[in-house]
$ cat start.txt   # compact mmCIF, C-alpha atoms
# COMPACT_ATOMS: atom_id res chain seq x y z
CA MET A 1 35.55 -19.53 -0.09
CA SER A 2 34.41 -17.20 -2.87
CA LYS A 3 35.85 -13.71 -3.19
CA LYS A 4 32.45 -12.13 -2.49
CA LYS A 5 31.94 -14.15 0.69
CA ASP A 6 35.45 -13.39 1.89
CA GLU A 7 35.02 -9.64 1.29
CA LEU A 8 31.65 -9.56 3.06
CA ILE A 9 33.09 -11.43 6.04
CA GLU A 10 35.83 -8.81 6.41
CA ILE A 11 33.27 -5.98 6.24
CA LEU A 12 31.07 -7.74 8.80
CA ALA A 13 34.03 -8.38 11.09
CA ASP A 14 34.91 -4.68 10.94
CA TYR A 15 31.31 -3.83 11.75
CA PHE A 16 31.18 -6.11 14.80
CA TRP A 17 34.51 -4.64 16.00
CA SER A 18 32.59 -1.45 16.84
CA TYR A 19 30.85 -3.22 19.74
CA LYS A 20 32.31 -3.43 23.24
CA SER A 21 34.05 -6.70 24.06
CA TYR A 22 31.48 -7.56 26.72
CA GLU A 23 28.61 -6.91 24.25
CA LEU A 24 29.99 -8.87 21.33
CA ASP A 25 29.09 -12.41 22.36
CA GLY A 26 25.41 -11.54 22.85
CA VAL A 27 25.27 -9.55 19.60
CA LEU A 28 26.77 -12.38 17.57
CA LYS A 29 24.45 -14.98 19.08
CA GLY A 30 21.52 -12.68 18.34
CA TYR A 31 22.45 -12.93 14.66
CA GLY A 32 22.89 -16.71 14.85
CA ILE A 33 26.71 -16.57 14.72
CA SER A 34 28.70 -19.12 16.75
CA PRO A 35 32.34 -18.06 17.35
CA ASP A 36 35.01 -20.57 18.39
CA GLU A 37 34.67 -21.26 22.12
CA ALA A 38 38.47 -21.35 22.49
CA LEU A 39 38.70 -17.68 21.49
CA ASN A 40 38.10 -14.64 23.69
CA PRO A 41 36.61 -11.37 22.36
CA ASN A 42 38.88 -9.46 24.77
CA ASP A 43 41.92 -10.62 22.76
CA SER A 44 40.68 -9.61 19.29
CA LYS A 45 37.08 -8.73 18.54
CA LYS A 46 37.58 -9.09 14.77
CA VAL A 47 39.18 -12.52 15.06
CA TYR A 48 36.42 -13.61 17.43
CA ALA A 49 33.65 -12.45 15.06
CA ARG A 50 35.40 -13.84 11.97
CA SER A 51 35.68 -17.29 13.55
CA GLY A 52 31.89 -17.54 13.60
CA LEU A 53 31.31 -15.88 10.23
CA VAL A 54 33.52 -18.33 8.30
CA LYS A 55 31.27 -21.20 9.42
CA MET A 56 28.31 -19.71 7.57
CA THR A 57 27.41 -20.39 3.93
CA GLU A 58 27.67 -17.66 1.31
CA GLU A 59 23.87 -17.39 1.19
CA GLU A 60 23.77 -16.93 4.97
CA ILE A 61 26.48 -14.27 4.82
CA ILE A 62 24.59 -12.39 2.10
CA GLU A 63 21.33 -12.51 4.08
CA LEU A 64 23.13 -11.42 7.26
CA SER A 65 24.71 -8.47 5.41
CA LYS A 66 21.33 -7.34 4.10
CA ARG A 67 19.71 -7.74 7.51
CA ILE A 68 22.32 -5.58 9.22
CA ALA A 69 22.01 -2.96 6.48
CA ARG A 70 18.26 -2.81 7.10
CA GLU A 71 18.47 -2.74 10.89
CA ALA A 72 21.75 -1.26 12.09
CA GLU A 73 21.40 2.43 11.16
CA SER A 74 25.04 2.44 10.01
CA ILE A 75 25.59 4.75 7.05
CA SER A 76 29.22 3.63 6.61
CA PHE A 77 28.18 -0.03 6.52
CA ASN A 78 25.35 0.63 4.06
CA LYS A 79 27.70 2.54 1.75
CA GLN A 80 29.93 -0.54 1.61
CA MET A 81 26.94 -2.77 0.87
CA GLU A 82 26.02 -0.66 -2.18
CA GLU A 83 28.87 -2.26 -4.14
CA TYR A 84 27.37 -5.72 -3.61
CA PHE A 85 23.61 -5.20 -3.52
CA GLY A 86 22.84 -1.74 -4.89
CA ASP A 87 19.62 -0.52 -3.27
CA SER A 88 17.99 -3.96 -3.20
CA ILE A 89 18.34 -4.04 0.60
CA PHE A 90 15.97 -1.08 0.94
CA GLU A 91 12.27 -0.69 0.21
CA PHE A 92 12.77 3.00 -0.54
CA THR A 93 15.00 2.96 -3.61
CA TYR A 94 17.92 5.31 -4.27
CA ILE A 95 15.86 6.96 -7.01
CA THR A 96 13.02 7.66 -4.56
CA ARG A 97 15.43 9.04 -1.96
CA ARG A 98 17.01 11.42 -4.48
CA LYS A 99 13.59 12.54 -5.72
CA LEU A 100 12.54 13.27 -2.13
CA ALA A 101 15.62 15.44 -1.62
CA GLU A 102 14.95 17.30 -4.88
CA TYR A 103 11.25 17.78 -4.10
CA LEU A 104 11.77 18.97 -0.53
CA ASP A 105 14.46 21.39 -1.74
CA MET A 106 11.83 23.09 -3.92
CA CYS A 107 9.16 23.23 -1.21
CA PRO A 108 8.69 26.46 0.73
CA ASN A 109 9.31 26.57 4.47
CA PHE A 110 11.34 23.33 4.75
CA GLU A 111 11.71 23.49 8.55
CA GLY A 112 8.15 24.68 9.13
CA LYS A 113 7.51 25.78 12.70
CA MET A 114 10.71 24.23 14.06
CA LYS A 115 14.38 25.16 13.96
CA LEU A 116 16.19 23.12 11.33
CA ASP A 117 18.38 21.16 13.76
CA GLU A 118 15.32 20.49 15.93
CA LEU A 119 13.45 19.13 12.91
CA LEU A 120 16.28 16.76 11.99
CA HIS A 121 16.97 15.64 15.57
CA GLY A 122 15.81 12.11 16.29
CA ILE A 123 16.46 10.94 12.76
CA TRP A 124 20.10 12.04 12.65
CA ASP A 125 22.43 12.61 15.62
CA MET A 126 22.81 16.38 15.61
CA ASN A 127 25.39 16.19 18.42
CA GLU A 128 27.93 14.03 16.60
CA THR A 129 31.11 15.72 15.47
CA CYS A 130 31.05 16.94 11.89
CA THR A 131 34.41 16.37 10.19
CA ARG A 132 33.64 18.13 6.90
CA ASP A 133 35.76 21.18 7.79
CA GLU A 134 38.97 19.15 7.73
CA ASP A 135 41.17 22.25 7.92
CA LEU A 136 39.87 23.09 11.41
CA PHE A 137 41.63 21.90 14.54
CA VAL A 138 39.89 19.08 16.36
CA PHE A 139 38.86 21.38 19.21
CA ASP A 140 37.30 23.85 16.74
CA ARG A 141 35.14 21.32 14.92
CA MET A 142 31.39 21.68 15.08
CA THR A 143 28.61 19.25 15.80
CA LEU A 144 26.52 18.15 12.86
CA GLY A 145 23.71 20.43 14.03
CA GLU A 146 26.00 23.43 14.32
CA TYR A 147 27.48 22.79 10.88
CA ILE A 148 24.04 22.58 9.26
CA ILE A 149 22.79 25.76 10.94
CA LYS A 150 25.94 27.63 9.88
CA HIS A 151 25.92 26.59 6.23
CA VAL A 152 22.24 25.98 5.43
CA VAL A 153 20.59 28.70 7.53
CA ILE A 154 23.15 31.45 8.28
CA ASN A 155 25.54 31.40 5.31
CA ASP A 156 22.97 29.87 2.92
CA ASP A 157 25.77 28.26 0.90
CA ILE A 158 24.39 24.70 1.14
CA SER A 159 20.94 23.85 -0.26
CA TYR A 160 18.43 21.58 1.48
CA LYS A 161 18.99 19.08 -1.33
CA ASP A 162 22.76 18.99 -0.75
CA MET A 163 22.20 18.85 3.00
CA LEU A 164 20.04 15.73 2.60
CA LEU A 165 22.17 14.01 -0.01
CA ASP A 166 25.73 14.98 0.93
CA ILE A 167 25.73 15.81 4.64
CA LEU A 168 22.91 13.64 6.01
CA GLN A 169 23.45 10.83 3.47
CA ILE A 170 19.72 10.17 3.03
CA LYS A 171 20.66 7.66 0.34
CA TYR A 172 22.10 5.30 2.92
CA ILE A 173 19.89 5.66 5.99
CA SER A 174 17.50 2.85 6.90
CA ASP A 175 13.93 2.59 5.65
CA ASN A 176 12.76 3.17 9.23
CA SER A 177 14.68 6.44 9.34
CA ILE A 178 13.15 7.53 6.02
CA ILE A 179 9.69 6.84 7.47
CA LYS A 180 10.44 8.77 10.69
CA PHE A 181 11.75 11.71 8.66
CA LEU A 182 8.72 11.88 6.33
CA GLU A 183 6.25 11.56 9.21
CA LYS A 184 8.00 14.36 11.06
CA MET A 185 8.02 16.61 7.97
CA VAL A 186 4.20 16.55 7.91
CA ASN A 187 3.60 16.40 11.65
CA PRO A 188 1.21 19.13 12.95
CA GLU A 189 4.01 20.41 15.18
CA VAL A 190 5.92 21.22 11.99
CA ARG A 191 3.19 22.32 9.57
CA THR A 192 -0.61 22.39 9.30
CA GLY A 193 -3.38 23.35 6.91
CA GLU A 194 -2.82 23.69 3.17
CA GLU A 195 0.97 23.55 3.60
CA GLN A 196 0.69 20.15 5.28
CA THR A 197 -1.66 18.93 2.55
CA GLN A 198 0.70 20.05 -0.21
CA TYR A 199 3.67 18.32 1.41
CA VAL A 200 1.67 15.10 1.82
CA ARG A 201 0.50 15.17 -1.77
CA GLY A 202 3.99 15.77 -3.17
CA ILE A 203 5.64 13.14 -0.99
CA ASN A 204 2.98 10.55 -1.84
CA GLU A 205 3.54 11.07 -5.56
CA ILE A 206 7.16 10.05 -5.00
CA ILE A 207 6.95 7.23 -2.44
CA GLY A 208 3.93 5.71 -4.18
CA ALA A 209 6.36 4.25 -6.73
CA ASP A 210 7.75 2.06 -3.93
CA GLY A 211 4.31 1.10 -2.63
CA PHE A 212 4.15 3.51 0.31
CA GLU A 213 1.89 6.40 1.23
CA LEU A 214 1.29 8.92 3.98
CA VAL A 215 -2.17 8.24 5.43
CA VAL A 216 -4.16 10.02 8.14
CA SER A 217 -3.90 7.85 11.26
CA GLY A 218 -5.56 10.14 13.81
CA LYS A 219 -5.79 13.69 15.08
CA ILE A 220 -4.14 15.83 17.73
CA SER A 221 -5.69 19.18 18.71
CA ASN A 222 -7.99 18.59 15.72
CA GLU A 223 -5.02 18.48 13.31
CA PRO A 224 -4.43 15.32 11.20
CA ILE A 225 -1.48 13.08 11.99
CA TYR A 226 0.02 11.18 9.05
CA LYS A 227 1.78 7.83 9.18
CA VAL A 228 3.63 6.02 6.39
CA TYR A 229 1.99 2.74 5.46
CA LYS A 230 2.82 0.03 2.97
CA ARG A 231 -0.03 0.27 0.51
CA GLN A 232 -2.28 -2.76 0.08
CA ALA A 233 -2.51 -2.33 -3.65
CA ILE A 234 -3.47 -4.88 -6.27
CA ASN A 235 -0.83 -5.07 -8.95
CA ASN A 236 -2.72 -7.11 -11.52
CA ASN A 237 -3.47 -5.29 -14.74
CA MET A 238 -7.13 -4.37 -15.05
CA LYS A 239 -8.82 -5.81 -18.13
CA ASN A 240 -12.61 -5.95 -17.91
CA LEU A 241 -15.27 -4.32 -15.78
CA ILE A 242 -18.75 -5.90 -15.80
CA PHE A 243 -21.32 -3.77 -14.03
CA ALA A 244 -24.80 -2.22 -13.80
CA PRO A 245 -27.00 -5.18 -14.83
CA LEU A 246 -30.70 -4.49 -15.29
CA GLY A 247 -32.47 -7.29 -13.48
CA LYS A 248 -31.14 -10.61 -14.71
CA LYS A 249 -27.62 -11.96 -14.68
CA PRO A 250 -25.48 -11.27 -17.78
CA ASP A 251 -24.80 -14.04 -20.29
CA ILE A 252 -21.00 -14.19 -20.45
CA VAL A 253 -18.88 -16.41 -22.70
CA ILE A 254 -15.13 -16.86 -23.15
CA ASP A 255 -14.25 -15.44 -26.56
CA ASP A 256 -10.58 -16.43 -26.49
CA ALA A 257 -9.53 -18.82 -23.74
CA ILE A 258 -5.80 -18.33 -24.37
CA ALA A 259 -6.02 -14.54 -24.20
CA ASN A 260 -8.65 -14.77 -21.44
CA ASP A 261 -11.01 -12.53 -23.44
CA ILE A 262 -14.69 -12.55 -22.48
CA LYS A 263 -17.79 -10.98 -23.96
CA ILE A 264 -21.47 -10.55 -23.19
CA VAL A 265 -23.93 -12.25 -25.55
CA GLY A 266 -27.71 -12.23 -25.86
CA ASN A 267 -29.21 -8.99 -24.59
CA THR A 268 -25.97 -6.99 -24.49
CA ASP A 269 -27.74 -3.86 -23.22
CA ASN A 270 -28.76 -5.66 -20.03
CA CYS A 271 -25.26 -5.35 -18.57
CA LEU A 272 -22.34 -3.01 -19.26
CA MET A 273 -18.76 -4.12 -19.92
CA TYR A 274 -15.90 -1.64 -19.93
CA ASN A 275 -12.52 -2.64 -21.38
CA PHE A 276 -9.51 -0.94 -19.82
CA GLU A 277 -6.65 0.52 -21.77
CA PRO A 278 -3.31 -1.26 -21.15
CA ASN A 279 -1.69 -0.25 -17.84
CA ALA A 280 -4.75 1.78 -16.80
CA ASP A 281 -4.46 3.23 -13.32
CA GLY A 282 -7.85 3.88 -11.77
CA LEU A 283 -11.06 4.99 -13.48
CA LEU A 284 -12.33 8.57 -13.52
CA TRP A 285 -15.92 9.61 -14.13
CA ASN A 286 -14.82 11.68 -17.14
CA THR A 287 -13.17 8.60 -18.65
CA LEU A 288 -16.34 6.56 -18.19
CA VAL A 289 -18.44 9.34 -19.76
CA LYS A 290 -16.17 9.46 -22.84
CA TRP A 291 -16.46 5.69 -23.19
CA TRP A 292 -20.27 5.89 -22.98
CA GLY A 293 -20.38 8.79 -25.42
CA SER A 294 -18.41 6.83 -28.03
CA ALA A 295 -21.38 4.47 -28.42
CA HIS A 296 -24.31 6.72 -27.50
CA SER A 297 -25.30 10.11 -28.84
CA SER A 298 -27.50 12.51 -26.90
CA GLU A 299 -27.63 16.13 -25.77
CA ASN A 300 -26.37 15.26 -22.28
CA ILE A 301 -24.13 12.18 -22.21
CA GLN A 302 -23.34 12.50 -18.49
CA LYS A 303 -26.97 12.67 -17.50
CA ASP A 304 -27.88 9.67 -19.66
CA LEU A 305 -25.04 7.57 -18.22
CA PHE A 306 -25.98 8.57 -14.68
CA LYS A 307 -29.62 7.48 -15.26
CA ARG A 308 -28.49 4.18 -16.81
CA LEU A 309 -26.31 3.40 -13.80
CA LEU A 310 -28.95 4.54 -11.31
CA ASN A 311 -31.48 2.15 -12.88
CA SER A 312 -29.26 -0.81 -12.03
CA LEU A 313 -29.71 -0.18 -8.30
CA ASP A 314 -32.51 -1.92 -6.44
CA SER A 315 -32.73 -0.42 -2.96
CA GLN A 316 -33.46 3.17 -2.03
CA PRO A 317 -30.40 3.47 0.26
CA GLU A 318 -28.18 2.43 -2.67
CA LYS A 319 -29.84 5.00 -4.93
CA ASP A 320 -29.50 7.71 -2.28
CA PHE A 321 -25.83 6.93 -1.75
CA PHE A 322 -25.12 6.93 -5.50
CA THR A 323 -27.06 10.14 -6.15
CA GLN A 324 -25.49 11.98 -3.24
CA TYR A 325 -21.96 11.14 -4.37
CA TYR A 326 -22.45 12.59 -7.85
CA THR A 327 -24.32 15.57 -6.43
CA ILE A 328 -21.30 16.41 -4.26
CA TYR A 329 -18.66 16.03 -6.95
CA GLN A 330 -20.50 16.97 -10.15
CA ASN A 331 -18.65 20.29 -10.43
CA ALA A 332 -15.19 18.87 -9.76
CA ASN A 333 -12.80 18.71 -12.72
CA GLU A 334 -11.79 15.10 -12.24
CA TYR A 335 -12.92 12.58 -9.67
CA PRO A 336 -13.13 8.78 -9.41
CA ALA A 337 -16.15 7.05 -10.87
CA LEU A 338 -18.48 5.40 -8.36
CA ILE A 339 -19.41 2.25 -10.26
CA PRO A 340 -22.60 0.41 -9.23
CA GLN A 341 -23.37 -3.30 -9.16
CA VAL A 342 -19.95 -4.64 -10.15
CA TYR A 343 -19.22 -8.33 -10.65
CA LEU A 344 -16.00 -9.11 -8.79
CA HIS A 345 -16.76 -12.84 -8.98
CA TYR A 346 -18.85 -14.67 -11.54
CA ASP A 347 -20.47 -18.09 -11.65
CA PRO A 348 -22.75 -18.66 -14.67
CA HIS A 349 -24.82 -21.20 -12.74
CA ALA A 350 -27.55 -20.18 -10.34
CA ARG A 351 -27.23 -20.88 -6.64
CA THR A 352 -30.23 -23.20 -6.78
CA TRP A 353 -28.46 -25.28 -9.47
CA ARG A 354 -25.28 -25.73 -7.40
CA GLY A 355 -27.04 -26.37 -4.11
CA SER A 356 -24.57 -26.87 -1.27
CA ASN A 357 -21.63 -26.67 -3.70
CA VAL A 358 -21.99 -22.92 -4.27
CA VAL A 359 -18.74 -21.35 -5.46
CA TYR A 360 -19.40 -17.69 -4.56
CA THR A 361 -21.95 -16.62 -1.98
CA HIS A 362 -21.67 -12.99 -3.08
CA GLN A 363 -20.74 -12.28 -6.69
CA ARG A 364 -21.82 -8.67 -7.18
CA MET A 365 -20.70 -5.69 -5.10
CA ASP A 366 -22.89 -2.64 -4.54
CA PHE A 367 -20.19 -0.16 -5.56
CA LEU A 368 -16.58 -0.16 -6.69
CA MET A 369 -14.08 2.71 -6.96
CA LEU A 370 -10.77 2.28 -8.79
CA LEU A 371 -8.32 4.84 -7.42
CA PRO A 372 -4.81 5.63 -8.66
CA ASN A 373 -1.86 3.41 -7.68
CA GLY A 374 -3.86 0.19 -7.73
CA ILE A 375 -6.25 1.06 -4.89
CA ARG A 376 -9.60 -0.74 -5.20
CA VAL A 377 -12.41 0.25 -2.88
CA VAL A 378 -15.55 -1.84 -2.42
CA ILE A 379 -18.56 -0.15 -0.78
CA GLU A 380 -21.50 -2.18 0.48
CA ILE A 381 -24.87 -0.86 1.67
CA ASP A 382 -26.17 -3.57 3.98
CA GLY A 383 -29.93 -3.93 4.08
CA LYS A 384 -31.57 -6.54 6.25
CA GLN A 385 -31.30 -9.12 3.43
CA HIS A 386 -27.57 -9.27 4.28
CA TYR A 387 -28.15 -10.54 7.80
CA SER A 388 -31.75 -11.81 8.06
CA GLU A 389 -34.25 -14.10 6.34
CA GLY A 390 -37.46 -12.15 6.29
CA ASP A 391 -37.68 -10.51 9.69
CA ILE A 392 -35.66 -13.19 11.44
CA SER A 393 -31.95 -12.59 11.98
CA SER A 394 -29.70 -15.14 10.31
CA PRO A 395 -26.26 -15.79 11.81
CA LYS A 396 -25.51 -17.90 8.73
CA LEU A 397 -26.07 -15.00 6.30
CA TYR A 398 -24.08 -12.64 8.49
CA ALA A 399 -21.20 -15.13 8.70
CA GLU A 400 -21.19 -15.55 4.91
CA MET A 401 -21.01 -11.78 4.52
CA MET A 402 -18.03 -11.58 6.89
CA VAL A 403 -16.25 -14.42 5.07
CA ASP A 404 -16.67 -12.59 1.75
CA THR A 405 -15.36 -9.38 3.30
CA ARG A 406 -12.25 -11.09 4.66
CA LYS A 407 -11.51 -12.72 1.30
CA LEU A 408 -11.74 -9.39 -0.51
CA GLN A 409 -9.51 -7.67 2.03
CA LEU A 410 -6.92 -10.42 1.81
CA LYS A 411 -6.86 -9.95 -1.97
CA GLY A 412 -6.05 -6.28 -1.42
CA TYR A 413 -9.48 -4.65 -1.72
CA GLU A 414 -10.56 -2.07 0.82
CA VAL A 415 -14.10 -2.86 1.97
CA TYR A 416 -16.37 -0.29 3.62
CA ARG A 417 -19.83 -1.27 4.82
CA PHE A 418 -22.78 1.01 5.58
CA GLY A 419 -25.94 -0.06 7.37
CA GLY A 420 -29.16 0.76 5.56
CA TYR A 421 -30.39 2.32 8.82
CA GLU A 422 -27.83 5.13 8.34
CA PHE A 423 -29.86 6.39 5.38
CA MET A 424 -33.26 6.70 7.02
CA ASP A 425 -32.71 10.39 7.81
CA SER A 426 -32.06 12.15 4.49
CA GLN A 427 -30.10 15.06 5.97
CA GLN A 428 -27.93 12.81 8.08
CA MET A 429 -27.40 10.55 5.06
CA LYS A 430 -26.06 13.48 3.00
CA GLN A 431 -23.59 14.40 5.72
CA THR A 432 -22.55 10.78 6.22
CA VAL A 433 -21.77 10.34 2.52
CA ARG A 434 -19.93 13.67 2.33
CA ASP A 435 -17.81 12.92 5.40
CA PHE A 436 -16.93 9.44 4.16
CA PHE A 437 -15.65 10.53 0.76
CA GLU A 438 -13.81 13.52 2.17
CA MET A 439 -11.91 11.20 4.52
CA LEU A 440 -11.35 8.57 1.81
CA PHE A 441 -9.96 11.09 -0.67
CA LYS A 442 -7.84 12.77 1.97
CA LYS A 443 -6.41 9.38 2.87
CA TYR A 444 -5.18 8.95 -0.72
CA SER A 445 -4.46 12.64 -1.42
CA ILE A 446 -7.13 12.85 -4.15

$ encode --input "start.txt" --output "structure tokens"
Amino acid sequence: MSKKKDELIEILADYFWSYKSYELDGVLKGYGISPDEALNPNDSKKVYARSGLVKMTEEEIIELSKRIAREAESISFNKQMEEYFGDSIFEFTYITRRKLAEYLDMCPNFEGKMKLDELLHGIWDMNETCTRDEDLFVFDRMTLGEYIIKHVVINDDISYKDMLLDILQIKYISDNSIIKFLEKMVNPEVRTGEEQTQYVRGINEIIGADGFELVVSGKISNEPIYKVYKRQAINNNMKNLIFAPLGKKPDIVIDDAIANDIKIVGNTDNCLMYNFEPNADGLLWNTLVKWWGSAHSSENIQKDLFKRLLNSLDSQPEKDFFTQYYTIYQNANEYPALIPQVYLHYDPHARTWRGSNVVYTHQRMDFLMLLPNGIRVVIEIDGKQHYSEGDISSPKLYAEMMVDTRKLQLKGYEVYRFGGYEFMDSQQMKQTVRDFFEMLFKKYSI
């Protein structure tokens, strides 16, 4: 038996000792541990637990240790695990947890509309005995809630940062507890309005590094409720963007097969190709304008680029959607580019050439937005050509469209579809577009 396995078994045996004798057998079996049948947990709980643990391989012991650290809500156990696994057992890293404590310490109105112990209740046990005042007699010791109120609120000699890091041990609580704490910090019962928005934005900047974000999940009394979600981001580095063709399909060749470099040949003005800078994160309209201006000179670069992109759109609903977006945000300092007619797939052969062996049923998307943190949003305006042949509905076309949507979503793209009918009333269309982007940008704190 290796030293590491032996040490972990002793820590695990100590952990299982905390259970009642009559609970222990069921707990151990729940973790797949089989103690010796000749032993009785009433005689020695540690010996009973150890007899099953020693039968497991080192890999099984390591996985069991990590599982308990993730699930058991035991700060003392998780502190012991740090020596062996660091923060690899958690999805929220130690760095993120410290940054959260530092950020929340700087924020105004930490407890919001609640009392501090009420805010923390449910994530930490505010009624447990606090042993930090070791010089006090046992009967004079305070609960955790009383200690926090005394030192953080009344005496003001402990900061919120030190409360989170030193007293509440936020470094060692479970990921689920971190999520409950963050959701409560921005709950409408605690804070609303601009204060809620600022907290959400600041927290998302921190937890985004671990792939999480606070997202609006609903409303209560017309106030948004935020939940923490694991972001469905695409981690691949962006390299090329092929978009806005004028009529015919672009003529694309591989310029360097090893480096996977492509280029457009023939009539290069027919289709646009944007090359991303290394490690680019999203694409803003201002960035796209600067790129266009580097190769085109005119009195109004933005207007010329807008017209060039608008000309790539075929249907009136697509043009209305595109125009309305830039009308709404034209005076904003920075906002994501709404990119029309983007090739997310590409097959150089025509569908008629491949016949029944078609590779991609849908190669070009109506619109694409590349948001920070790897978020890619596809927007489709569905005219009747998406679900009918002429004036006759086509279940086959509709099914193909749904298959394409599922594939994109499984790759990490967010897909939003609009029906062309939604754009028949111009005033309603403007409100529909405005509402959609307001909700989308609020979702990602843009």

$ residues_near_point --input "start.txt" --point "(-15.9, 10.3, 2.1)" --cutoff "12 Å" --atoms "all atoms listed in the file" --output "list in words"
Phe321, Gln324, Tyr325, Ile328, Tyr329, Pro336, Leu338, Met369, Val377, Ile379, Tyr416, Met429, Lys430, Gln431, Thr432, Val433, Arg434, Asp435, Phe436, Phe437, Glu438, Met439, Leu440, Phe441, Lys442, Lys443, Tyr444 and Ile446 of chain A

$ write_last_selection --input "start.txt" --atoms "C-alpha atoms" --output "mmCIF file, in the frame of the given file"
data_model
loop_
_atom_site.group_PDB
_atom_site.id
_atom_site.type_symbol
_atom_site.label_atom_id
_atom_site.label_comp_id
_atom_site.auth_asym_id
_atom_site.auth_seq_id
_atom_site.Cartn_x
_atom_site.Cartn_y
_atom_site.Cartn_z
ATOM 1 C CA PHE A 321 -25.830 6.930 -1.750
ATOM 2 C CA GLN A 324 -25.490 11.980 -3.240
ATOM 3 C CA TYR A 325 -21.960 11.140 -4.370
ATOM 4 C CA ILE A 328 -21.300 16.410 -4.260
ATOM 5 C CA TYR A 329 -18.660 16.030 -6.950
ATOM 6 C CA PRO A 336 -13.130 8.780 -9.410
ATOM 7 C CA LEU A 338 -18.480 5.400 -8.360
ATOM 8 C CA MET A 369 -14.080 2.710 -6.960
ATOM 9 C CA VAL A 377 -12.410 0.250 -2.880
ATOM 10 C CA ILE A 379 -18.560 -0.150 -0.780
ATOM 11 C CA TYR A 416 -16.370 -0.290 3.620
ATOM 12 C CA MET A 429 -27.400 10.550 5.060
ATOM 13 C CA LYS A 430 -26.060 13.480 3.000
ATOM 14 C CA GLN A 431 -23.590 14.400 5.720
ATOM 15 C CA THR A 432 -22.550 10.780 6.220
ATOM 16 C CA VAL A 433 -21.770 10.340 2.520
ATOM 17 C CA ARG A 434 -19.930 13.670 2.330
ATOM 18 C CA ASP A 435 -17.810 12.920 5.400
ATOM 19 C CA PHE A 436 -16.930 9.440 4.160
ATOM 20 C CA PHE A 437 -15.650 10.530 0.760
ATOM 21 C CA GLU A 438 -13.810 13.520 2.170
ATOM 22 C CA MET A 439 -11.910 11.200 4.520
ATOM 23 C CA LEU A 440 -11.350 8.570 1.810
ATOM 24 C CA PHE A 441 -9.960 11.090 -0.670
ATOM 25 C CA LYS A 442 -7.840 12.770 1.970
ATOM 26 C CA LYS A 443 -6.410 9.380 2.870
ATOM 27 C CA TYR A 444 -5.180 8.950 -0.720
ATOM 28 C CA ILE A 446 -7.130 12.850 -4.150
#

$ residues_around --input "start.txt" --residues "Glu334 in chain A" --least-positions-apart "2" --cutoff "7 Å" --atoms "all atoms listed in the file" --output "PyMOL selection string"
chain A and resi 284+286+332

$ closest_residue --input "start.txt" --among "A:Leu120, A:Leu371, A:Leu309, A:Ile33" --to "Met56 in chain A" --atoms "all atoms listed in the file"
A:Ile33

$ closest_residue --input "start.txt" --among "A:Thr323, A:Lys248, A:Trp291, A:Ser174" --to "Lys79 in chain A" --atoms "only C-alpha atoms"
A:Ser174

$ atom_distance --input "start.txt" --atom1 "CA of Glu146 in chain A" --atom2 "CA of Ile95 in chain A"
28.8 Å

$ atom_distance --input "start.txt" --atom1 "CA of Glu82 in chain A" --atom2 "CA of Ser65 in chain A"
11.0 Å

$ atom_distance --input "start.txt" --atom1 "CA of Leu246 in chain A" --atom2 "CA of Asp269 in chain A"
8.5 Å

$ residues_around --input "start.txt" --residues "Lys180 in chain A" --least-positions-apart "2" --cutoff "9 Å" --atoms "all atoms listed in the file" --output "MDAnalysis selection string"
chainID A and resid 122:123 175:178 182:185 227:228

$ residues_around --input "start.txt" --residues "Leu165 in chain A" --least-positions-apart "6" --cutoff "8 Å" --atoms "only C-alpha atoms" --output "PyMOL selection string"
chain A and resi 98+101+171

$ closest_residue --input "start.txt" --among "A:Ile154, A:Phe92, A:Ile179, A:Pro340" --to "Lys307 in chain A" --atoms "all atoms listed in the file"
A:Pro340

$ residues_near_point --input "start.txt" --point "(21.4, 5.9, 4.4)" --cutoff "8 Å" --atoms "only C-alpha atoms" --output "PDB file with C-alpha atoms, in the frame of the given file"
ATOM      1  CA  GLU A  73      21.400   2.430  11.160  1.00  0.00           C
ATOM      2  CA  SER A  74      25.040   2.440  10.010  1.00  0.00           C
ATOM      3  CA  ILE A  75      25.590   4.750   7.050  1.00  0.00           C
ATOM      4  CA  ASN A  78      25.350   0.630   4.060  1.00  0.00           C
ATOM      5  CA  LYS A  79      27.700   2.540   1.750  1.00  0.00           C
ATOM      6  CA  GLN A 169      23.450  10.830   3.470  1.00  0.00           C
ATOM      7  CA  ILE A 170      19.720  10.170   3.030  1.00  0.00           C
ATOM      8  CA  LYS A 171      20.660   7.660   0.340  1.00  0.00           C
ATOM      9  CA  TYR A 172      22.100   5.300   2.920  1.00  0.00           C
ATOM     10  CA  ILE A 173      19.890   5.660   5.990  1.00  0.00           C
ATOM     11  CA  SER A 174      17.500   2.850   6.900  1.00  0.00           C
TER      12      SER A 174
END

$ axis_aligned_box --input "start.txt" --around "range 313-331 of chain A" --padding-each-side "4 Å" --output "lines of an AutoDock Vina configuration file"
center_x = -26.1
center_y = 9.2
center_z = -5.1
size_x = 22.8
size_y = 30.2
size_z = 18.7

$ closest_residue --input "start.txt" --among "A:Thr192, A:Phe77, A:Gly112, A:Ile149" --to "Asn222 in chain A" --atoms "all atoms listed in the file"
A:Thr192

$ closest_residue --input "start.txt" --among "A:Glu102, A:Asp162, A:Glu277, A:Glu63" --to "Gly202 in chain A" --atoms "all atoms listed in the file"
A:Glu102
